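Colleague: The structure is given below, and queries will be raised subsequently.
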There are 2 protein chains.
Amino acid sequence: MMIIPFHYRRWEAKYEYKFLDCYKKLAITINGETPGPTIIAQQGDTIVVDLKNSLLTENVAIHWHGIRQIGTPWSDGTEGLTQCPSLPGEIHTYKFVVDRAGTFLYHAHYGMQRSAGLYGSIHVSVPNGVTEPFSYDYDKNIILNDWYHQSTYEQATGLSSIPFVWVGEPQSLLIQGRGRYNCSVLSTSSIEAGLCNTTNPDCSPYSMTVVSGKTYRLRISSLTSLSALNFEIEGHNMTVVEADGHYVQPLIIKNLNIYSGETYSVLVKADQDPSRNYWAAVNVIGRQPQTPTGLGIFNYYPNHPLKSPTTTPPTGPLWNDSDYRFAQSLAIKARQGYIDPPPQNSDRVITLLNTQNRIDGYTKWAVNNVSFVFPNTPYLIALKENLTDTFDQSSPPENYDSANYDIYSIAKNPNATYSNGIYRLEFNSTVDIVLQNANTMNANNSETHPWHLHGHDFWVLGYGKGKFDSVNDPKKYNLINPIKKNTVPLHTFGWTALRFQANNPGVWAFHCHIESHFYMGMGVVFEEGVERVGKLPTSIMGCGETKS
Amino acid sequence: MMIIPFHYRRWEAKYEYKFLDCYKKLAITINGETPGPTIIAQQGDTIVVDLKNSLLTENVAIHWHGIRQIGTPWSDGTEGLTQCPSLPGEIHTYKFVVDRAGTFLYHAHYGMQRSAGLYGSIHVSVPNGVTEPFSYDYDKNIILNDWYHQSTYEQATGLSSIPFVWVGEPQSLLIQGRGRYNCSVLSTSSIEAGLCNTTNPDCSPYSMTVVSGKTYRLRISSLTSLSALNFEIEGHNMTVVEADGHYVQPLIIKNLNIYSGETYSVLVKADQDPSRNYWAAVNVIGRQPQTPTGLGIFNYYPNHPLKSPTTTPPTGPLWNDSDYRFAQSLAIKARQGYIDPPPQNSDRVITLLNTQNRIDGYTKWAVNNVSFVFPNTPYLIALKENLTDTFDQSSPPENYDSANYDIYSIAKNPNATYSNGIYRLEFNSTVDIVLQNANTMNANNSETHPWHLHGHDFWVLGYGKGKFDSVNDPKKYNLINPIKKNTVPLHTFGWTALRFQANNPGVWAFHCHIESHFYMGMGVVFEEGVERVGKLPTSIMGCGETKS
């Protein structure tokens with residue numbers, strides 16, 4: 001492979017009508033596509049993307065999910081944290097180095113634009129001369145997603161209303177941007193008007209052609225707005241070998257649980273009867289499914305790529321089997337020989353209680369009873385330029401009243417508030433985060449939250465059920481071979497403990513990757529070493545106190 | 001009346017579900033309303049509006065239509081000309097003096113946001129001690145509009161596509177924000193899902209209660225996206241007394257033609273049989289109507305305000321009677337005793353051929369074969385700060401090849417181009433504009449274009465049919481009692497001649513007020529005396545070259 005150290009891309013984001021699940025809907029595309037173009041690069045390469053905003057009256061920002069942005073925190077693409085949004089008509093330049101091999105993502109990080117279709121894959125290969133600890137013949141990207149027929153504006157208006165209006169479960173599940181809605185439930189006049197068209201090529205099923213005997217690396221990721229998913233290929237085992245850009249001790253499974261923001265590489269050998277095709281199937285887990293199985297075709301050459309198997313499509317594991325999901329999370333460990341051991345101790349522990357709340361009659365999500373709101377001036381600029389009046393200078397709580405809080409009861413949280421305060425971390429310190437789940441505002445209900453950290457990978461030290469025991473649970477932390485990740489599930493009524501080193505100068509979001517949850521306040525912000533950040537480009541300015 | 005020299009308003013723009021014509025659709029509201037709150041002020045008052053943008057990812061700007069913004073060109077609210085757009089979360093302050101009595105409007109002036117419902121009335125009364133040349137008992141605002149069920153994003157995506165996708169005629173006509181769609185054409189499941197609800201109070205018909213024998217001043221305006229309208233009150237005459245804030249020689253009519261951006265005051269005496277109600281009716285003219293008559297109720301007290309008349313609603317004049325429309329335009333003159341005579345000569349004549357064009361496969365509108373596009377840095381800032389690289393410094397054409405152009409043939413215009421160049425006018429010079437209509441890209445078709453000038457009123461010197469004769473037609477100009485206006489129709493296959501004084505330092509749009517036409521390039525920009533403009537507020541900055 002030739003080394004291409006510099007990748008230049010010109011992208012245009014705009015609205016286009018798409019029939020991703022056969023139903024006509026405006027999507028935000030990049031260069032006409034959703035998912036957008038895949039960035040294929042090699043470790044150490046520099047990526048430059050000139051993003052033209054051709055949305056009508058709407059701004060945009062793109063986050064490079066899993067890329068740490070070392071030395072380029074202004075390119076993280078998180079609107080309100082690391083940049084002002086990019087305005088219609090403007091071209092915004094993102095420039096950064098992909099410093100680790102693995103499977104990463106990009107997506108809009110502004111309002112709920114991700115759910116309008118603005119996303120894609122980043123695939124970073126190892127440097128020349130380096131071999132990976134497993135082999136395969138071919139490599140494929142598969143992004144999983146859920147898809148709503150309501151626009152992000154319609155969804156967000158409901159979320160921001162009193163009474164709260166919930167969009168509900170998605171209409172379809174997409175495999176690499178392709179799904180299938182049952183058009184026949186619509187009225188004849190809607191179908192005649194072209195609102196749903198099962199023959200539109202946009203919704204031709206995703207088909208992956210394989211040759212018998214060959215091994216395939218599937219880079220599977222999820223960018224769902226809401227759903228936790230289970231992925232399987234009918235009749236085939238998968239060996240998990242990578243997660244969020246880190247090698248995994250090989251784990252053979254039939255079903256992969258994947259949460260929004262996660263990426264996994266699995267190896268699949270085409271070792272079954274090659275005279276037929278097999279289903280690739282995606283099912284909702286963790287919430288009672290009201291969305292049909294998402295189906296693609298695992299196509300053995302030379303069968304026709306679109307020939308449906310005659311077998312019944314897999315329906316996945318029981319949606320409410322939380323022990324099963326918990327066990328798969330626990331089973332994923334760093335690969336022997338590739339372990340990056342964590343520091344044995346941390347300098348600071350921040351415990352984050354995850355609750356659903358009501359504030360002034362509005363339904364919100366919060367951590368430690370604080371629902372996050374954005375300031376008008378991005379933190380990175382405010383901190384670097386000492387604009388201390390642009391956000392609340394007091395730190396949000398380090399903990400909650402764990403002795404007196406019943407995580408199994410309906411959350412009342414009468415003292416919930418809004419804040420745009422942030423956690424300021426000592427540079428190069430080691431920080432533990434304990435995510436604590438709880439009951440929502442509905443009886444006997446707790447939701448899975450996939451938490452994503454910008455600018456860092458963290459070690460996953462442990463998962464537990466029930467309330468975290470701050471004395472005994474840390475003694476059971478896995479300090480031997482914990483996987484490093486950037487996104488991790490917090491299971492229902494459980495806890496997840498993470499450790500990371502605050503060694504990347506900048507301002508970084510840590511938030512639930514469910515689009516509506518972050519929109520409703522489920523996130524926090526960390527700052528570290530901002531004084532070490534280089535000169536900020538003026539291209540990230542123009543909002544709040546940065547007009548001139 | 002007490003003098004209130006300073007009016008302070010806090011407004012919040014956001015999306016809300018409305019049932020304006022009984023069909024559920026997201027609308028942009030101000031403080032929960034569309035039309036937004038009416039500004040009621042007295043001549044000479046200062047208006048201050050703090051506009052909070054609570055749209056999700058979308059910017060906003062509000063234009064104060066008919067207000068000349070003398071000394072405050074940065075408050076004109078024209079995105080791309082006089083300000084950067086106001087970003088989500090921000091509060092933008094508009095401050096200006098209403099220096100003339102009359103009926104004015106405000107509305108979004110960014111993308112196609114006006115058609116999402118962001119608009120309202122400004123009603124400026126005469127100073128204390130001044131009497132108007134007519135009397136009435138009560139005063140009412142009535143804004144007419146057309147209403148689409150497609151979002152502005154859906155409409156604009158079609159307009160920007162190859163092939164061009166036209167949204168078609170509006171679904172409803174609204175009287176003061178209220179219309180009625182025939183829900184029964186929808187599927188049962190749509191109605192059961194609450195998509196259309198004839199009992200929603202949003203679409204209760206507009207009803208104006210009158211007392212027999214009293215005289216009412218109706219301040220009627222149009223902010224249609226597309227439609228030219230005809231307004232009438234069944235069985236009642238109307239006397240036109242004001243147009244765009246200028247007194248009109250009283251003109252008694254039964255039917256008022258009104259074009260998007262125009263305002264008229266008419267006096268109506270409640271002089272008919274008071275034992276029943278009467279229809280107020282709005283019909284489409286100038287285009288073959290596919291939209292039902294918009295109906296309100298002219299309610300004689302004490303009949304029930306919502307009791308429908310048993311008579312057949314008026315269907316208006318023949319939609320294609322262009323002679324009738326032309327004649328009503330000609331009949332409107334300045335009122336004796338209130339004539340502001342125009343300069344007898346002009347310093348410069350700019351002739352603007354109005355055509356539909358195709359550029360690079362896209363369907364556009366253009367003047368003199370130039371389709372207007374916005375620069376990223378607003379002209380007002382660029383000119384004041386000498387940022388000469390932000391837009392094309394060459395002036396657009398002063399004329400077209402009139403000798404060789406057949407206005408009755410399908411426009412081919414192979415040399416059509418895009419430009420963001422502007423007309424720079426000598427300060428205090430007198431400028432004539434001759435608007436020349438032509439055939440569109442469809443055979444035997446010419447469309448009516450209501451042209452609106454920011455920052456000025458112009459004298460309407462004449463209207464003509466066919467091609468303007470630059471030798472003989474100016475001799476027939478009305479230099480005696482021409483009406484002054486800010487919006488004037490250019491009739492099908494005709495011409496309209498205007499004169500104005502370039503005496504207001506700033507940068508001013510002059511454009512077709514049809515929302516899609518300006519979006520597709522049908523506008524020009526005038527600059528005059530920009531060196532006399534005071535210090536620009538930083539609040540209008542933040543886009544293009546104005547970030548820091």
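Quick note on naming: the chains in the structure tokens go A, B, ... in the order shown, residues restart at 1 in each chain, and ligands are numbered from 1 in order of appearance.
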Please return, as number ranges by chain, all residues of region 18-210 of chain A that DSSP assigns to strand (DSSP E) on the basis of the backbone.
Modeller: A: 18, 25-30, 39-42, 46-53, 62-65, 91-97, 102-108, 119-125, 138-147, 172-175, 207-210
Colleague: Please provide the set of residues having any atom within 8 Å of region 192-207 of chain A, restricted to only C-alpha atoms, with same-chain residues fewer than 6 positions apart removed, written as a list of chain:residue names.
Modeller: A:Lys18, A:Phe19, A:Leu20, A:Asp21, A:Cys22, A:Tyr23, A:Lys24, A:Ile175, A:Gln176, A:Arg178, A:Gly179, A:Arg180, A:Cys183, A:Leu295, A:Gly296, A:Ile297, A:Phe298, A:Asn299, A:Pro305, A:Leu306
Colleague: Would you kindly report the residues of chain A within 6 Å of chain B, using only C-alpha atoms, as a PyMOL selection string?
Modeller: chain A and resi 57-59+111+538+541-543+546-548
Colleague: Please indicate the distance in Å from CA of Asp146 (chain A) to CA of Leu81 (chain A), rounded to one decimal place.
Modeller: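 Distance reported for this atom pair: 26.3 Å.
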Colleague: From the options A:Glu515, A:Glu527, A:Asp473, A:Asp360, which residue's atoms come nearest to Leu425 (chain A), counting only C-alpha atoms?
Modeller: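 Among the listed residues, A:Glu527 lies closest to Leu425 (chain A).
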Colleague: Residues of region 264-487 of chain B classed as alpha helix (DSSP H) by DSSP on the backbone are to be reported as a list in words.
Modeller: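 Answer for region 264-487 of chain B restricted to alpha helix (DSSP H) is Ser322, Asp323, Tyr324, Arg325, Phe326, Ala327, Gln328, Ser329, Leu330, Ala331, Tyr379, Leu380, Ile381, Ala382, Leu383 and Lys384 of chain B.
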Colleague: Write to file, as a compact mmCIF listing (two decimals), in the first residue's frame, the residues of the selection just made, with N, CA and C atoms.
Modeller:
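New file part-v3.txt:
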# COMPACT_ATOMS: atom_id res chain seq x y z
N SER B 322 -56.23 40.07 -16.49
CA SER B 322 -55.09 40.94 -16.18
C SER B 322 -55.42 42.41 -16.43
N ASP B 323 -56.34 42.69 -17.34
CA ASP B 323 -56.73 44.10 -17.57
C ASP B 323 -57.35 44.69 -16.31
N TYR B 324 -58.14 43.89 -15.64
CA TYR B 324 -58.78 44.35 -14.40
C TYR B 324 -57.73 44.67 -13.33
N ARG B 325 -56.74 43.80 -13.21
CA ARG B 325 -55.71 44.05 -12.20
C ARG B 325 -54.87 45.28 -12.56
N PHE B 326 -54.53 45.36 -13.82
CA PHE B 326 -53.78 46.50 -14.33
C PHE B 326 -54.52 47.81 -14.05
N ALA B 327 -55.83 47.80 -14.29
CA ALA B 327 -56.64 49.02 -14.10
C ALA B 327 -56.67 49.43 -12.63
N GLN B 328 -56.76 48.45 -11.73
CA GLN B 328 -56.79 48.84 -10.30
C GLN B 328 -55.46 49.43 -9.87
N SER B 329 -54.38 48.90 -10.39
CA SER B 329 -53.07 49.49 -10.08
C SER B 329 -53.02 50.94 -10.53
N LEU B 330 -53.50 51.19 -11.76
CA LEU B 330 -53.47 52.55 -12.30
C LEU B 330 -54.36 53.51 -11.52
N ALA B 331 -55.41 53.00 -10.92
CA ALA B 331 -56.40 53.86 -10.27
C ALA B 331 -55.93 54.40 -8.93
N TYR B 379 -23.13 42.71 2.97
CA TYR B 379 -22.62 43.87 2.23
C TYR B 379 -22.36 45.06 3.14
N LEU B 380 -23.28 45.29 4.07
CA LEU B 380 -23.15 46.49 4.90
C LEU B 380 -21.80 46.47 5.64
N ILE B 381 -21.45 45.30 6.16
CA ILE B 381 -20.17 45.19 6.88
C ILE B 381 -19.02 45.23 5.89
N ALA B 382 -19.15 44.51 4.80
CA ALA B 382 -18.07 44.45 3.81
C ALA B 382 -17.74 45.83 3.28
N LEU B 383 -18.76 46.63 3.00
CA LEU B 383 -18.52 47.95 2.42
C LEU B 383 -17.97 48.92 3.45
N LYS B 384 -18.51 48.82 4.64
CA LYS B 384 -18.07 49.73 5.70
C LYS B 384 -16.64 49.42 6.12
Colleague: Tell me which protein, DNA and RNA residues are within 9 Å of Met238 (chain B), counting only C-alpha atoms, leaving out same-chain ones fewer than 4 positions away, and put them as JSON, numbers by chain.
Modeller: {"B": [232, 233, 251, 252, 253, 254, 255, 256, 266, 267, 268, 269]}
Colleague: Determine, counting only C-alpha atoms, which protein, DNA and RNA residues have an atom within 12 Å of an atom of Thr291 (chain A); residues of the same chain fewer than 3 positions away are not included. Present the result as an MDAnalysis selection string.
Modeller: chainID A and resid 146:148 168:174 179:182 226:229 282:285 287:288 294:295 315 319
Colleague: With C-alpha atoms kept, could you save the residues just selected as a PDB file, in the first residue's frame?
Modeller:
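Produced file result.pdb, reproduced below:
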ATOM      1  CA  ASP A 146     -32.367   3.524  13.329  1.00  0.00           C
ATOM      2  CA  TRP A 147     -34.558   5.761  11.204  1.00  0.00           C
ATOM      3  CA  TYR A 148     -37.527   7.979  11.912  1.00  0.00           C
ATOM      4  CA  GLY A 168     -41.582   6.709  19.969  1.00  0.00           C
ATOM      5  CA  GLU A 169     -39.696   3.775  18.494  1.00  0.00           C
ATOM      6  CA  PRO A 170     -38.033   4.164  15.092  1.00  0.00           C
ATOM      7  CA  GLN A 171     -39.876   3.179  11.929  1.00  0.00           C
ATOM      8  CA  SER A 172     -36.931   1.197  10.541  1.00  0.00           C
ATOM      9  CA  LEU A 173     -33.472  -0.134  11.204  1.00  0.00           C
ATOM     10  CA  LEU A 174     -30.848   0.641   8.580  1.00  0.00           C
ATOM     11  CA  GLY A 179     -33.849  -0.378   5.412  1.00  0.00           C
ATOM     12  CA  ARG A 180     -37.360  -1.339   4.503  1.00  0.00           C
ATOM     13  CA  TYR A 181     -40.591   0.148   5.714  1.00  0.00           C
ATOM     14  CA  ASN A 182     -43.835  -1.666   5.141  1.00  0.00           C
ATOM     15  CA  LEU A 226     -32.135   5.624  20.297  1.00  0.00           C
ATOM     16  CA  SER A 227     -31.956   1.888  19.868  1.00  0.00           C
ATOM     17  CA  ALA A 228     -29.540  -0.615  21.344  1.00  0.00           C
ATOM     18  CA  LEU A 229     -29.054  -3.255  18.670  1.00  0.00           C
ATOM     19  CA  VAL A 282     -30.423  -6.306  13.231  1.00  0.00           C
ATOM     20  CA  ASN A 283     -32.880  -6.336  16.107  1.00  0.00           C
ATOM     21  CA  VAL A 284     -33.731  -3.878  18.853  1.00  0.00           C
ATOM     22  CA  ILE A 285     -32.737  -4.912  22.365  1.00  0.00           C
ATOM     23  CA  ARG A 287     -36.505  -1.634  24.805  1.00  0.00           C
ATOM     24  CA  GLN A 288     -39.628  -3.510  23.771  1.00  0.00           C
ATOM     25  CA  GLY A 294     -33.476  -4.772   9.848  1.00  0.00           C
ATOM     26  CA  LEU A 295     -32.393  -7.169   7.130  1.00  0.00           C
ATOM     27  CA  THR A 315     -35.269 -12.270  15.600  1.00  0.00           C
ATOM     28  CA  TRP A 319     -35.123  -7.857  24.159  1.00  0.00           C
TER      29      TRP A 319
END
Colleague: Leaving out region 119-134 of chain B and any residue of its chain fewer than 3 positions from it, which residues lie within 6 Å of it when counting only C-alpha atoms, given as a list in words?
Modeller: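 Answer for this query is Pro35, Gly36, Thr38, Ile39, Ile40, Ala41, Gln42, Gln43, Ala101, Gly102, Thr103, Phe104, Leu105, Tyr106 and His107 of chain B.
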Colleague: Between A:Tyr418, A:Tyr138, A:Trp451, A:Phe427, single out the one closest to Thr363 (chain A), counting only C-alpha atoms.
Modeller: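 With only C-alpha atoms as the atom set, the closest residue is A:Tyr418.
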Colleague: At what distance in Å, to one decimal, does CA of Gln155 (chain A) lie from CA of Thr293 (chain A)?
Modeller: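 Straight-line distance from CA of Thr293 (chain A) to CA of Gln155 (chain A) works out to 22.6 Å.
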Colleague: List as a ChimeraX atom specification the protein and nucleic acid residues near region 215-218 of chain A, meaning an atom at most 9 Å away when only C-alpha atoms are counted, but skip any in the same chain fewer than 3 places from it.
Modeller: /A:135-142,210-212,264-271
